[in-house]
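Source file protein_36.txt; content: compact mmCIF, C-alpha atoms.
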```txt
# COMPACT_ATOMS: atom_id res chain seq x y z
CA MET A 22 -29.29 -34.72 -55.96
CA ALA A 23 -31.99 -33.64 -53.58
CA GLU A 24 -29.63 -33.26 -50.66
CA GLU A 25 -27.35 -30.35 -50.08
CA PHE A 26 -24.15 -30.65 -48.14
CA HIS A 27 -22.10 -27.56 -47.39
CA TYR A 28 -18.46 -27.92 -48.41
CA SER A 29 -15.92 -26.20 -50.61
CA VAL A 30 -16.79 -27.25 -54.18
CA ASP A 31 -13.42 -25.89 -55.30
CA GLU A 32 -11.65 -28.30 -52.95
CA TYR A 33 -13.92 -31.38 -52.78
CA LEU A 34 -16.06 -33.57 -54.97
CA LEU A 35 -19.21 -35.20 -53.54
CA LEU A 36 -18.98 -38.92 -54.33
CA GLY A 37 -22.09 -40.14 -52.56
CA LYS A 38 -23.83 -40.63 -49.26
CA VAL A 39 -23.73 -43.12 -46.40
CA ALA A 40 -27.17 -44.75 -46.62
CA LYS A 41 -27.09 -46.95 -43.51
CA ALA A 42 -25.05 -49.20 -41.25
CA HIS A 43 -24.49 -52.70 -42.59
CA GLY A 44 -23.70 -55.63 -40.33
CA LEU A 45 -22.07 -55.55 -36.90
CA ARG A 46 -18.44 -54.63 -37.62
CA GLY A 47 -18.87 -51.04 -38.80
CA GLU A 48 -19.49 -51.50 -42.49
CA VAL A 49 -21.76 -48.99 -44.20
CA LYS A 50 -23.95 -49.16 -47.27
CA VAL A 51 -23.10 -46.22 -49.53
CA PHE A 52 -24.92 -44.79 -52.52
CA LEU A 53 -22.37 -43.47 -55.01
CA HIS A 54 -23.49 -40.78 -57.46
CA SER A 55 -21.22 -42.03 -60.25
CA GLY A 56 -23.00 -45.37 -60.45
CA GLN A 57 -19.56 -47.02 -60.46
CA PRO A 58 -19.04 -48.50 -56.98
CA ASP A 59 -15.71 -50.07 -57.97
CA ASN A 60 -14.08 -46.63 -58.14
CA ILE A 61 -14.28 -46.13 -54.37
CA ARG A 62 -11.40 -48.60 -53.89
CA SER A 63 -8.98 -46.41 -55.81
CA TYR A 64 -9.27 -43.37 -53.52
CA LYS A 65 -6.73 -43.22 -50.70
CA GLU A 66 -8.55 -40.82 -48.38
CA LEU A 67 -12.17 -39.80 -48.06
CA ILE A 68 -13.84 -37.15 -45.93
CA LEU A 69 -17.36 -37.26 -44.48
CA VAL A 70 -19.52 -34.13 -44.29
CA ASN A 71 -22.76 -33.62 -42.38
CA ASP A 72 -25.66 -31.30 -43.24
CA ASP A 73 -24.02 -28.43 -41.31
CA GLY A 74 -20.77 -28.68 -43.27
CA GLU A 75 -18.72 -30.27 -40.48
CA LEU A 76 -15.97 -32.44 -41.92
CA TYR A 77 -14.91 -35.76 -40.43
CA GLY A 78 -11.83 -37.68 -41.44
CA PRO A 79 -9.77 -38.46 -43.37
CA LEU A 80 -10.95 -42.05 -43.65
CA THR A 81 -9.28 -44.90 -45.49
CA VAL A 82 -11.30 -47.57 -47.30
CA LEU A 83 -10.13 -50.93 -45.93
CA LYS A 84 -12.42 -52.99 -48.12
CA SER A 85 -15.35 -52.53 -50.43
CA ARG A 86 -17.74 -54.72 -52.37
CA ASN A 87 -20.55 -53.96 -54.76
CA GLN A 88 -24.23 -54.44 -54.03
CA GLY A 89 -26.11 -53.20 -57.09
CA LYS A 90 -25.68 -49.41 -57.35
CA PHE A 91 -24.42 -49.38 -53.79
CA ALA A 92 -21.08 -50.22 -52.24
CA ILE A 93 -20.59 -51.87 -48.87
CA ILE A 94 -17.56 -50.15 -47.35
CA GLN A 95 -15.39 -50.76 -44.31
CA PHE A 96 -13.58 -47.59 -43.23
CA ASP A 97 -10.45 -47.85 -41.09
CA SER A 98 -11.80 -45.88 -38.14
CA VAL A 99 -15.40 -47.15 -38.13
CA THR A 100 -15.24 -50.45 -36.27
CA SER A 101 -18.69 -50.98 -34.73
CA ARG A 102 -22.32 -50.88 -35.79
CA SER A 103 -23.03 -48.03 -33.38
CA HIS A 104 -20.26 -45.93 -34.94
CA ALA A 105 -21.55 -46.80 -38.43
CA GLU A 106 -25.03 -45.66 -37.37
CA GLN A 107 -23.56 -42.32 -36.24
CA ILE A 108 -22.32 -41.56 -39.76
CA GLU A 109 -25.56 -42.46 -41.57
CA GLY A 110 -26.72 -39.67 -43.87
CA ARG A 111 -23.31 -38.04 -44.24
CA GLY A 112 -21.92 -37.12 -47.60
CA ILE A 113 -18.69 -38.70 -48.81
CA LEU A 114 -16.16 -36.25 -50.22
CA LEU A 115 -12.94 -36.71 -52.14
CA ALA A 116 -10.35 -33.95 -52.28
CA LYS A 117 -10.03 -32.98 -55.94
CA SER A 118 -6.27 -32.97 -55.45
CA HIS A 119 -6.53 -36.76 -54.87
CA LEU A 120 -8.25 -37.49 -58.16
CA PRO A 121 -6.17 -39.63 -60.49
CA GLU A 122 -4.81 -37.80 -63.54
CA VAL A 123 -6.85 -38.24 -66.70
CA SER A 124 -5.46 -38.60 -70.19
CA GLU A 125 -5.88 -35.88 -72.80
CA ASP A 126 -9.08 -37.38 -74.24
CA GLU A 127 -10.71 -38.02 -70.84
CA TYR A 128 -12.46 -35.71 -68.38
CA TYR A 129 -14.25 -35.73 -65.06
CA TRP A 130 -17.92 -34.81 -65.15
CA HIS A 131 -17.43 -32.03 -62.59
CA GLN A 132 -15.05 -30.30 -65.03
CA TYR A 133 -17.92 -29.62 -67.45
CA LEU A 134 -20.65 -28.71 -64.96
CA GLY A 135 -21.66 -25.05 -65.06
CA LYS A 136 -19.77 -24.25 -68.24
CA THR A 137 -21.43 -22.16 -70.93
CA VAL A 138 -21.89 -24.06 -74.19
CA ILE A 139 -21.41 -22.11 -77.41
CA ASP A 140 -21.55 -23.10 -81.06
CA LEU A 141 -18.86 -22.40 -83.66
CA THR A 142 -20.25 -18.91 -84.28
CA GLY A 143 -19.93 -18.04 -80.58
CA THR A 144 -23.68 -18.15 -79.94
CA PRO A 145 -24.40 -19.22 -76.36
CA LEU A 146 -26.67 -22.28 -76.18
CA GLY A 147 -26.95 -22.59 -72.38
CA LYS A 148 -25.04 -23.97 -69.42
CA VAL A 149 -24.17 -27.57 -68.56
CA ASP A 150 -26.66 -28.43 -65.82
CA HIS A 151 -25.76 -32.09 -65.40
CA ILE A 152 -24.40 -35.11 -67.24
CA PHE A 153 -25.59 -38.67 -67.57
CA SER A 154 -24.45 -41.78 -69.40
CA ASN A 155 -26.76 -43.49 -71.87
CA GLY A 156 -24.56 -46.58 -71.93
CA ALA A 157 -22.83 -45.66 -75.19
CA GLN A 158 -21.54 -42.20 -74.23
CA ASP A 159 -21.97 -39.36 -71.81
CA VAL A 160 -24.68 -36.80 -72.56
CA LEU A 161 -24.57 -33.14 -71.51
CA VAL A 162 -27.83 -31.62 -70.33
CA ILE A 163 -27.70 -27.97 -71.39
CA ARG A 164 -30.24 -25.61 -69.82
CA THR A 165 -31.45 -22.15 -70.63
CA ALA A 166 -34.31 -20.29 -68.97
CA ASN A 167 -36.90 -22.24 -70.97
CA THR A 168 -35.20 -25.12 -72.80
CA GLU A 169 -33.25 -28.25 -72.14
CA MET A 170 -30.87 -29.61 -74.76
CA LEU A 171 -29.16 -33.02 -74.82
CA ILE A 172 -25.72 -33.04 -76.44
CA PRO A 173 -23.70 -36.26 -76.79
CA VAL A 174 -20.10 -36.00 -75.61
CA THR A 175 -18.02 -36.99 -78.62
CA LYS A 176 -14.77 -35.68 -80.08
CA ALA A 177 -16.64 -34.69 -83.24
CA ILE A 178 -19.16 -32.54 -81.32
CA ILE A 179 -17.11 -31.01 -78.48
CA VAL A 180 -14.36 -29.22 -80.35
CA GLY A 181 -13.03 -26.74 -77.81
CA GLU A 182 -12.83 -26.01 -74.11
CA THR A 183 -11.76 -23.08 -71.98
CA ALA A 184 -12.08 -22.53 -68.25
CA GLY A 185 -15.67 -21.32 -68.64
CA GLU A 186 -16.87 -22.58 -72.02
CA LEU A 187 -17.35 -25.63 -74.19
CA THR A 188 -17.47 -25.08 -77.93
CA ILE A 189 -19.57 -27.55 -79.88
CA ASP A 190 -19.93 -28.35 -83.57
CA PRO A 191 -23.28 -30.13 -83.56
CA PRO A 192 -24.39 -32.12 -86.58
CA PRO A 193 -27.07 -30.41 -88.69
CA GLY A 194 -30.45 -30.45 -86.98
CA LEU A 195 -29.29 -31.43 -83.46
CA VAL A 196 -29.81 -28.01 -81.88
CA GLU A 197 -33.14 -27.55 -83.69
CA LEU A 198 -34.29 -31.03 -82.62
CA ASN A 199 -33.52 -30.20 -79.00
CA THR A 200 -35.05 -26.71 -79.00
CA GLY A 201 -38.09 -27.44 -81.16
CA ASN A 202 -37.19 -24.70 -83.65
```
Show me, as structure tokens, the structure contained in the file I just sent.
Amino acid sequence: MAEEFHYSVDEYLLLGKVAKAHGLRGEVKVFLHSGQPDNIRSYKELILVNDDGELYGPLTVLKSRNQGKFAIIQFDSVTSRSHAEQIEGRGILLAKSHLPEVSEDEYYWHQYLGKTVIDLTGTPLGKVDHIFSNGAQDVLVIRTANTEMLIPVTKAIIVGETAGELTIDPPPGLVELNTGN
């Protein structure tokens, strides 16, 4: 994400950004960071944030439809093209307290970001910088000062979690393959 919005990361999750106005009735074209535009329909209230950290809302999604990696959204209080143009470029936030509960074997990506990754011996391997999906599973991108390591998110590999750490049991050779050692 090249753009920085100022908001409480403890309280909110950045879902995406209003790209531009769409049509005449206040719809907006929105880029969603998750790559899953359907999810936007399940959130009851969203907040907009500008570059200065000013919050606007809450807004309710009246309707939404997919357009590739984008969603075309009609918010309850944005009823004209001129109003839609005024919110272009704003970030879209969701209060973390409004996230649906996940089952025991599920997680939200933001829950892993920034955690230190250690192996079974307690050796730190780096911190989770970001996560992506390769289509089959999620992949953690672990960074140190001079390396980047890709670790698949599977029950067999991620064997423990605390507030600040993920413990992994990588298959033989995975760490060496990623670090070049």
### Close residues, segment 141-157 of chain A itself excluded, 7 Å, only C-alpha atoms, min 5 positions apart in chain, as JSON, numbers by chain
{"A": [130, 133, 134, 135, 136, 162, 163, 164, 165, 188, 189, 190]}
Residues just named, written with C-alpha atoms as an mmCIF file, keeping the file's coordinate frame:
```cif
data_model
loop_
_atom_site.group_PDB
_atom_site.id
_atom_site.type_symbol
_atom_site.label_atom_id
_atom_site.label_comp_id
_atom_site.auth_asym_id
_atom_site.auth_seq_id
_atom_site.Cartn_x
_atom_site.Cartn_y
_atom_site.Cartn_z
ATOM 1 C CA TRP A 130 -17.920 -34.810 -65.150
ATOM 2 C CA TYR A 133 -17.920 -29.620 -67.450
ATOM 3 C CA LEU A 134 -20.650 -28.710 -64.960
ATOM 4 C CA GLY A 135 -21.660 -25.050 -65.060
ATOM 5 C CA LYS A 136 -19.770 -24.250 -68.240
ATOM 6 C CA VAL A 162 -27.830 -31.620 -70.330
ATOM 7 C CA ILE A 163 -27.700 -27.970 -71.390
ATOM 8 C CA ARG A 164 -30.240 -25.610 -69.820
ATOM 9 C CA THR A 165 -31.450 -22.150 -70.630
ATOM 10 C CA THR A 188 -17.470 -25.080 -77.930
ATOM 11 C CA ILE A 189 -19.570 -27.550 -79.880
ATOM 12 C CA ASP A 190 -19.930 -28.350 -83.570
#
```
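Candidate residues A:Asn71, A:Ser85, A:Gln158, A:Thr137 were compared for distance to Leu187 of chain A, and the nearest is A:Thr137, using all atoms listed in the file.
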## Note on the structure
As a check of understanding: the span from atom CA of Gly112 of chain A to atom CA of Leu161 of chain A is 24.4 Å
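The gap separating atom CA of Glu66 of chain A from atom CA of Gly78 of chain A is 8.3 Å, in Å to one decimal.
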### Message
Between atom CA of Leu115 of chain A and atom CA of Val51 of chain A, what distance in Å does the model show, to one decimal?
### Response
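Taking atom CA of Leu115 of chain A as the start and atom CA of Val51 of chain A as the end point, the length is 14.2 Å.
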### Query
When distances are computed from all atoms listed in the file, which of A:Asp140, A:Glu182, A:Asp159, A:Glu109 shows the smallest separation from Leu195 of chain A?
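Among A:Asp140, A:Glu182, A:Asp159, A:Glu109, it is A:Asp140 that comes nearest to Leu195 of chain A.
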### Query
Between A:Ser101, A:Asn87, A:Thr81, A:Gln132, which one has atoms that come closest to Ile113 of chain A, using all atoms listed in the file?
A:Thr81
Segment 141-157 of chain A dumped to file, N, CA and C atoms, as a PDB file, in the first residue's frame:
```pdb
ATOM      1  N   LEU A 141      10.652 -23.932  16.350  1.00  0.00           N
ATOM      2  CA  LEU A 141      10.386 -24.738  17.544  1.00  0.00           C
ATOM      3  C   LEU A 141      11.457 -24.596  18.625  1.00  0.00           C
ATOM      4  N   THR A 142      12.651 -24.174  18.236  1.00  0.00           N
ATOM      5  CA  THR A 142      13.718 -23.994  19.222  1.00  0.00           C
ATOM      6  C   THR A 142      13.673 -22.605  19.850  1.00  0.00           C
ATOM      7  N   GLY A 143      12.769 -21.753  19.364  1.00  0.00           N
ATOM      8  CA  GLY A 143      12.675 -20.393  19.884  1.00  0.00           C
ATOM      9  C   GLY A 143      13.535 -19.391  19.131  1.00  0.00           C
ATOM     10  N   THR A 144      14.158 -19.825  18.054  1.00  0.00           N
ATOM     11  CA  THR A 144      15.000 -18.930  17.254  1.00  0.00           C
ATOM     12  C   THR A 144      14.122 -17.992  16.434  1.00  0.00           C
ATOM     13  N   PRO A 145      14.323 -16.678  16.594  1.00  0.00           N
ATOM     14  CA  PRO A 145      13.530 -15.736  15.794  1.00  0.00           C
ATOM     15  C   PRO A 145      13.944 -15.795  14.323  1.00  0.00           C
ATOM     16  N   LEU A 146      12.932 -15.828  13.439  1.00  0.00           N
ATOM     17  CA  LEU A 146      13.189 -15.892  12.000  1.00  0.00           C
ATOM     18  C   LEU A 146      12.884 -14.569  11.308  1.00  0.00           C
ATOM     19  N   GLY A 147      12.170 -13.667  11.974  1.00  0.00           N
ATOM     20  CA  GLY A 147      11.799 -12.382  11.389  1.00  0.00           C
ATOM     21  C   GLY A 147      10.401 -12.003  11.818  1.00  0.00           C
ATOM     22  N   LYS A 148       9.875 -10.964  11.185  1.00  0.00           N
ATOM     23  CA  LYS A 148       8.530 -10.484  11.493  1.00  0.00           C
ATOM     24  C   LYS A 148       7.645 -10.617  10.256  1.00  0.00           C
ATOM     25  N   VAL A 149       6.355 -10.832  10.483  1.00  0.00           N
ATOM     26  CA  VAL A 149       5.403 -10.912   9.376  1.00  0.00           C
ATOM     27  C   VAL A 149       5.228  -9.509   8.811  1.00  0.00           C
ATOM     28  N   ASP A 150       5.696  -9.311   7.581  1.00  0.00           N
ATOM     29  CA  ASP A 150       5.618  -8.012   6.921  1.00  0.00           C
ATOM     30  C   ASP A 150       4.282  -7.846   6.199  1.00  0.00           C
ATOM     31  N   HIS A 151       3.893  -8.872   5.461  1.00  0.00           N
ATOM     32  CA  HIS A 151       2.592  -8.874   4.801  1.00  0.00           C
ATOM     33  C   HIS A 151       2.221 -10.309   4.442  1.00  0.00           C
ATOM     34  N   ILE A 152       1.013 -10.443   3.919  1.00  0.00           N
ATOM     35  CA  ILE A 152       0.469 -11.762   3.588  1.00  0.00           C
ATOM     36  C   ILE A 152      -0.151 -11.661   2.206  1.00  0.00           C
ATOM     37  N   PHE A 153      -0.053 -12.729   1.445  1.00  0.00           N
ATOM     38  CA  PHE A 153      -0.754 -12.783   0.165  1.00  0.00           C
ATOM     39  C   PHE A 153      -1.314 -14.193  -0.016  1.00  0.00           C
ATOM     40  N   SER A 154      -2.223 -14.325  -0.957  1.00  0.00           N
ATOM     41  CA  SER A 154      -2.785 -15.638  -1.267  1.00  0.00           C
ATOM     42  C   SER A 154      -2.221 -16.083  -2.606  1.00  0.00           C
ATOM     43  N   ASN A 155      -1.786 -17.330  -2.680  1.00  0.00           N
ATOM     44  CA  ASN A 155      -1.304 -17.866  -3.951  1.00  0.00           C
ATOM     45  C   ASN A 155      -2.388 -18.669  -4.668  1.00  0.00           C
ATOM     46  N   GLY A 156      -3.600 -18.590  -4.167  1.00  0.00           N
ATOM     47  CA  GLY A 156      -4.710 -19.322  -4.754  1.00  0.00           C
ATOM     48  C   GLY A 156      -5.017 -20.607  -4.008  1.00  0.00           C
ATOM     49  N   ALA A 157      -3.983 -21.254  -3.495  1.00  0.00           N
ATOM     50  CA  ALA A 157      -4.169 -22.500  -2.747  1.00  0.00           C
ATOM     51  C   ALA A 157      -4.192 -22.246  -1.248  1.00  0.00           C
TER      52      ALA A 157
END
```
